[in-house]
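A.B. asks: Dropping a structure here in structure tokens format, bear with me for questions.
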Amino acid sequence: MHLARLRLRDFRNYARLDVDFSPGVHLLLGRNAQGKTNLLEAVYLLATLRSFRGVGSAPMVRQGRKGYFVGATAVGPSPHAIALYWSATERRLTLDGQPVRRMTDYWGVLRAVVFCTEDLQLVKGPSSRRRRFLDLLLAQTHSTYLALLQTYLQAVRSRNALLKQRIPDDQALDAFTHQLVRDGATLMQLRHQIVPVLAPLIRSAYGRVARDAEDLRMEYLPSVKGDLAVALAQNRDRDRAQRTTLLGPHRDDLGFWLDGRAAGPYASEGQKRTLAIALKMAQAEYLTNLHGTPPILLIDDVMGELDLARRSGFLPLLDRSRESGGQVFMTCTEEAWPRELGRRLLRWRVDNGSLAPCAESADDGAASTDERAGADQASDRSTRTPSGGNVSSAENGC
């Protein structure tokens, strides 16, 4: 799976962008605040219909404009044309020219895993971050999970609205409680099933990056240990007093322990960062194993936060993606890009909302003539743009 074409209009600091990408590792180089992360955000938005920065759609509109457009050609088993437009008054999502009525009809057209500084919240942040990680993975791998989660959360909101009333309607409360039990039990079952499959992948990834420094254990922590219906019935008076639903899958968590100590309160910042990266590496590996092709990897300045030893444990993930025809987009500053990646990558200059392919630079380190030729040919293929795009065909030093 890869992104063959990306089109942006009034998205963040991009007034207009039309660019073609080939499979492989694409290195986005430039100074801070030039638009490198914005490109990753656009790709992730197409994959999940949300920003990995935790913001709504309004901040993604270029200053002074009414709305943004993000379009793409995604190539998997078959190519698909995606078009997404958002403004305060209009929202459109089309797939191959047809309006998308339900998210379940769209989910999985483009799969992506993002690595970013916000991933630290998976370890040190609230339980909602870890639930979101689990929910996203299940939504990408189980066709019914997303719709089930949506109906469950709607029932929670409706039940909570009743609980906030001075005298709740008991009959309506029972109806929403019944729906919570029905949908919530299935959600918990699917979470129970995926965690034992995911746990060894996370342990293996952590060991590769941390060089087997600590023993890692992961466990699913449901808010209800036994029967959900019984727990909700026993907790009914407490729910009324607190005016909210206190138990259920919307309160579940994931627990992580390093050498028997809880990672959240006791792990060092370096250990937390390594664990967060391991979670995303496991997510990518799980999707690859399940679908047979790797997801697009979006790596936002993560490599600069790792020492050389930890980077060496992370690089095999990029190699496997490249060797299997996958695609990686990695942002770096000019000073911090990982030279150990060598020349088997495609470099781009990002400068104030514009994108241009880089020329070879003399300080890239030794590489064979064949490697240089292959990289140049791939770069030539990736920079073909339609008329009117703002990707320069001239080479730019990086």
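Each chain in the structure tokens gets a letter, A, B, ..., in the order shown, and its residues are numbered from 1; ligands are numbered from 1 in order too.
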Just list the residues in segment 152-380 of chain A DSSP gives helix (DSSP H, G or I) on the backbone, as a ChimeraX atom specification.
C.D. replies: /A:152-163,170-210,228-234,236-242,249-251,263-266,269-291,303-305,308-323,339-341,369-380
A.B. asks: Only C-alpha atoms, please: the residues just picked out, written as a short mmCIF file (atom, residue, chain, number, x, y, z; two decimals), in the first residue's frame.
C.D. replies:
data_model
loop_
_atom_site.label_atom_id
_atom_site.label_comp_id
_atom_site.auth_asym_id
_atom_site.auth_seq_id
_atom_site.Cartn_x
_atom_site.Cartn_y
_atom_site.Cartn_z
CA TYR A 152 -21.89 1.99 22.20
CA LEU A 153 -20.51 5.51 22.75
CA GLN A 154 -23.79 7.05 21.59
CA ALA A 155 -25.62 4.91 24.14
CA VAL A 156 -23.19 6.09 26.86
CA ARG A 157 -23.84 9.73 25.94
CA SER A 158 -27.61 9.18 25.98
CA ARG A 159 -27.47 7.35 29.31
CA ASN A 160 -25.34 10.10 30.82
CA ALA A 161 -27.80 12.74 29.61
CA LEU A 162 -30.58 10.87 31.43
CA LEU A 163 -28.49 10.56 34.59
CA ASP A 170 -36.16 4.58 34.63
CA GLN A 171 -37.57 2.88 31.55
CA ALA A 172 -35.32 4.84 29.18
CA LEU A 173 -32.37 4.26 31.52
CA ASP A 174 -32.97 0.51 31.40
CA ALA A 175 -33.11 0.59 27.59
CA PHE A 176 -29.76 2.34 27.26
CA THR A 177 -28.25 0.09 29.94
CA HIS A 178 -29.35 -2.94 27.92
CA GLN A 179 -27.64 -1.49 24.84
CA LEU A 180 -24.45 -0.86 26.83
CA VAL A 181 -24.41 -4.47 27.95
CA ARG A 182 -25.04 -5.84 24.47
CA ASP A 183 -22.46 -3.74 22.61
CA GLY A 184 -20.02 -3.35 25.49
CA ALA A 185 -19.62 -7.08 26.02
CA THR A 186 -18.61 -7.54 22.37
CA LEU A 187 -16.15 -4.64 22.53
CA MET A 188 -14.52 -6.11 25.63
CA GLN A 189 -14.32 -9.54 24.01
CA LEU A 190 -12.53 -8.16 20.93
CA ARG A 191 -10.10 -6.23 23.13
CA HIS A 192 -9.41 -9.33 25.20
CA GLN A 193 -8.66 -11.24 22.00
CA ILE A 194 -6.24 -8.75 20.44
CA VAL A 195 -4.07 -7.99 23.48
CA PRO A 196 -2.43 -11.47 23.73
CA VAL A 197 -1.60 -11.23 20.02
CA LEU A 198 -0.24 -7.71 20.31
CA ALA A 199 1.72 -8.19 23.54
CA PRO A 200 4.56 -10.37 22.11
CA LEU A 201 4.96 -7.98 19.18
CA ILE A 202 5.37 -5.07 21.61
CA ARG A 203 7.83 -7.02 23.79
CA SER A 204 9.89 -7.93 20.73
CA ALA A 205 9.90 -4.36 19.40
CA TYR A 206 10.87 -2.96 22.81
CA GLY A 207 13.70 -5.48 23.07
CA ARG A 208 15.06 -4.51 19.66
CA VAL A 209 15.05 -0.78 20.41
CA ALA A 210 16.11 -0.99 24.07
CA LEU A 228 -21.04 -6.21 32.61
CA ALA A 229 -24.80 -6.45 33.23
CA VAL A 230 -24.29 -7.39 36.87
CA ALA A 231 -21.69 -4.66 37.38
CA LEU A 232 -23.95 -1.95 35.91
CA ALA A 233 -26.89 -3.10 38.04
CA GLN A 234 -24.80 -3.07 41.20
CA ARG A 236 -26.68 1.99 39.42
CA ASP A 237 -27.05 4.07 42.60
CA ARG A 238 -23.46 5.27 42.29
CA ASP A 239 -24.05 6.25 38.66
CA ARG A 240 -27.11 8.25 39.76
CA ALA A 241 -25.13 10.00 42.49
CA GLN A 242 -22.24 10.85 40.14
CA PRO A 249 -15.46 -0.29 27.97
CA HIS A 250 -15.28 3.52 27.82
CA ARG A 251 -13.33 3.33 31.10
CA ALA A 263 5.80 2.18 33.45
CA GLY A 264 3.63 5.31 33.80
CA PRO A 265 4.80 6.49 37.22
CA TYR A 266 8.19 4.77 37.47
CA GLU A 269 11.61 9.44 30.07
CA GLY A 270 13.88 7.40 27.80
CA GLN A 271 12.10 4.18 28.72
CA LYS A 272 8.69 5.78 28.13
CA ARG A 273 9.78 7.07 24.74
CA THR A 274 11.13 3.64 23.79
CA LEU A 275 7.91 1.96 24.93
CA ALA A 276 5.79 4.41 22.91
CA ILE A 277 7.85 3.66 19.79
CA ALA A 278 7.54 -0.08 20.47
CA LEU A 279 3.74 0.26 20.60
CA LYS A 280 3.67 1.88 17.17
CA MET A 281 6.16 -0.63 15.74
CA ALA A 282 3.93 -3.45 16.98
CA GLN A 283 0.89 -1.74 15.44
CA ALA A 284 2.65 -1.58 12.06
CA GLU A 285 3.81 -5.20 12.30
CA TYR A 286 0.35 -6.42 13.29
CA LEU A 287 -1.27 -4.66 10.32
CA THR A 288 1.40 -6.03 7.99
CA ASN A 289 0.91 -9.59 9.21
CA LEU A 290 -2.85 -9.34 8.92
CA HIS A 291 -3.12 -7.65 5.51
CA MET A 303 14.68 9.56 15.09
CA GLY A 304 16.31 12.70 16.45
CA GLU A 305 15.07 11.79 19.95
CA LEU A 308 22.43 5.64 17.95
CA ALA A 309 21.83 2.30 19.69
CA ARG A 310 18.07 2.79 19.85
CA ARG A 311 17.93 4.04 16.26
CA SER A 312 19.64 0.87 15.07
CA GLY A 313 16.80 -1.14 16.60
CA PHE A 314 14.23 1.02 14.81
CA LEU A 315 15.77 0.96 11.33
CA PRO A 316 14.86 -2.68 10.47
CA LEU A 317 11.19 -1.61 10.44
CA LEU A 318 12.01 0.88 7.67
CA ASP A 319 14.03 -1.72 5.78
CA ARG A 320 11.17 -4.25 5.89
CA SER A 321 8.71 -1.64 4.66
CA ARG A 322 10.97 -0.64 1.78
CA GLU A 323 11.79 -4.23 0.79
CA ARG A 339 22.85 9.25 7.99
CA GLU A 340 22.75 5.51 8.70
CA LEU A 341 19.77 5.31 6.36
CA THR A 369 26.95 3.48 -8.21
CA ASP A 370 24.01 1.10 -8.44
CA GLU A 371 22.51 2.49 -5.21
CA ARG A 372 22.87 6.06 -6.49
CA ALA A 373 21.29 5.21 -9.83
CA GLY A 374 18.38 3.42 -8.19
CA ALA A 375 17.72 6.32 -5.84
CA ASP A 376 17.88 8.85 -8.70
CA GLN A 377 15.50 6.83 -10.88
CA ALA A 378 13.02 6.48 -8.03
CA SER A 379 13.27 10.20 -7.32
CA ASP A 380 12.58 10.99 -10.97
#
A.B. asks: Compile the contact shell of Leu136 of chain A as a list in words: residues with an atom at most 10 Å away, counting only C-alpha atoms, same-chain residues fewer than 6 positions apart removed.
C.D. replies: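 Skipping anything fewer than 6 positions along the chain leaves Thr48, Arg130, Tyr145, Leu146 and Gln283 of chain A.
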A.B. asks: Where does DSSP see strand (DSSP E or B) in segment 124-303 of chain A, if you list the residues as a JSON list (two decimals) with C-alpha atoms, in the first residue's frame?
C.D. replies:
[["chain", "number", "residue", "atom", "x", "y", "z"],
["A", 216, "LEU", "CA", 8.13, -5.63, 29.43],
["A", 217, "ARG", "CA", 4.65, -6.84, 30.34],
["A", 218, "MET", "CA", 1.37, -5.54, 28.93],
["A", 219, "GLU", "CA", -2.12, -6.30, 30.23],
["A", 220, "TYR", "CA", -5.67, -5.33, 29.30],
["A", 221, "LEU", "CA", -7.34, -3.65, 32.30],
["A", 253, "ASP", "CA", -7.17, 0.81, 30.13],
["A", 254, "LEU", "CA", -3.93, -0.87, 29.08],
["A", 255, "GLY", "CA", -1.23, -1.44, 31.69],
["A", 256, "PHE", "CA", 2.54, -1.61, 31.07],
["A", 257, "TRP", "CA", 5.20, -2.85, 33.47],
["A", 258, "LEU", "CA", 8.99, -2.76, 33.10],
["A", 261, "ARG", "CA", 7.18, -1.75, 37.97],
["A", 262, "ALA", "CA", 4.36, 0.28, 36.41],
["A", 296, "ILE", "CA", 2.30, 3.77, 5.34],
["A", 297, "LEU", "CA", 4.70, 4.83, 8.10],
["A", 298, "LEU", "CA", 4.65, 8.50, 9.12],
["A", 299, "ILE", "CA", 7.64, 9.39, 11.31],
["A", 300, "ASP", "CA", 7.71, 12.91, 12.69]]
A.B. asks: Pick out the residues sitting within 7 Å of Arg349 of chain A, and hand them over as a PyMOL selection string; count only C-alpha atoms, and ignore anything fewer than 6 positions along from it in its own chain.
C.D. replies: chain A and resi 28-30+355-358+398
A.B. asks: In Å to one decimal, how far is atom CA of Gly292 of chain A from atom CA of Gly54 of chain A?
C.D. replies: 29.5 Å
A.B. asks: Which one of A:Gln63, A:Ser57, A:Thr333, A:Gln327 sits closest to Ser22 of chain A if you count only C-alpha atoms?
C.D. replies: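 Ranked by minimum distance to Ser22 of chain A, first place goes to A:Gln327.
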A.B. asks: Using only C-alpha atoms, can you tell me which of A:Ser128, A:Thr144, A:Thr73, A:Gln165 comes closest to Ala4 of chain A?
C.D. replies: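 Result for the nearest residue to Ala4 of chain A: A:Thr73.
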A.B. asks: Please, what distance in Å, to one decimal, runs between atom CA of Leu346 of chain A and atom CA of Met60 of chain A?
C.D. replies: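 Calculated distance between atom CA of Leu346 of chain A and atom CA of Met60 of chain A is 26.5 Å.
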A.B. asks: Using only C-alpha atoms, find the one residue out of A:Val123, A:Cys116, A:Val75, A:Val19 that sits nearest to Ala267 of chain A.
C.D. replies: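 When distances to Ala267 of chain A are compared using only C-alpha atoms, the smallest one comes from A:Val123.
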A.B. asks: How far is it from atom CA of Asn38 of chain A to atom CA of Gln150 of chain A, in Å with one decimal?
C.D. replies: 28.0 Å
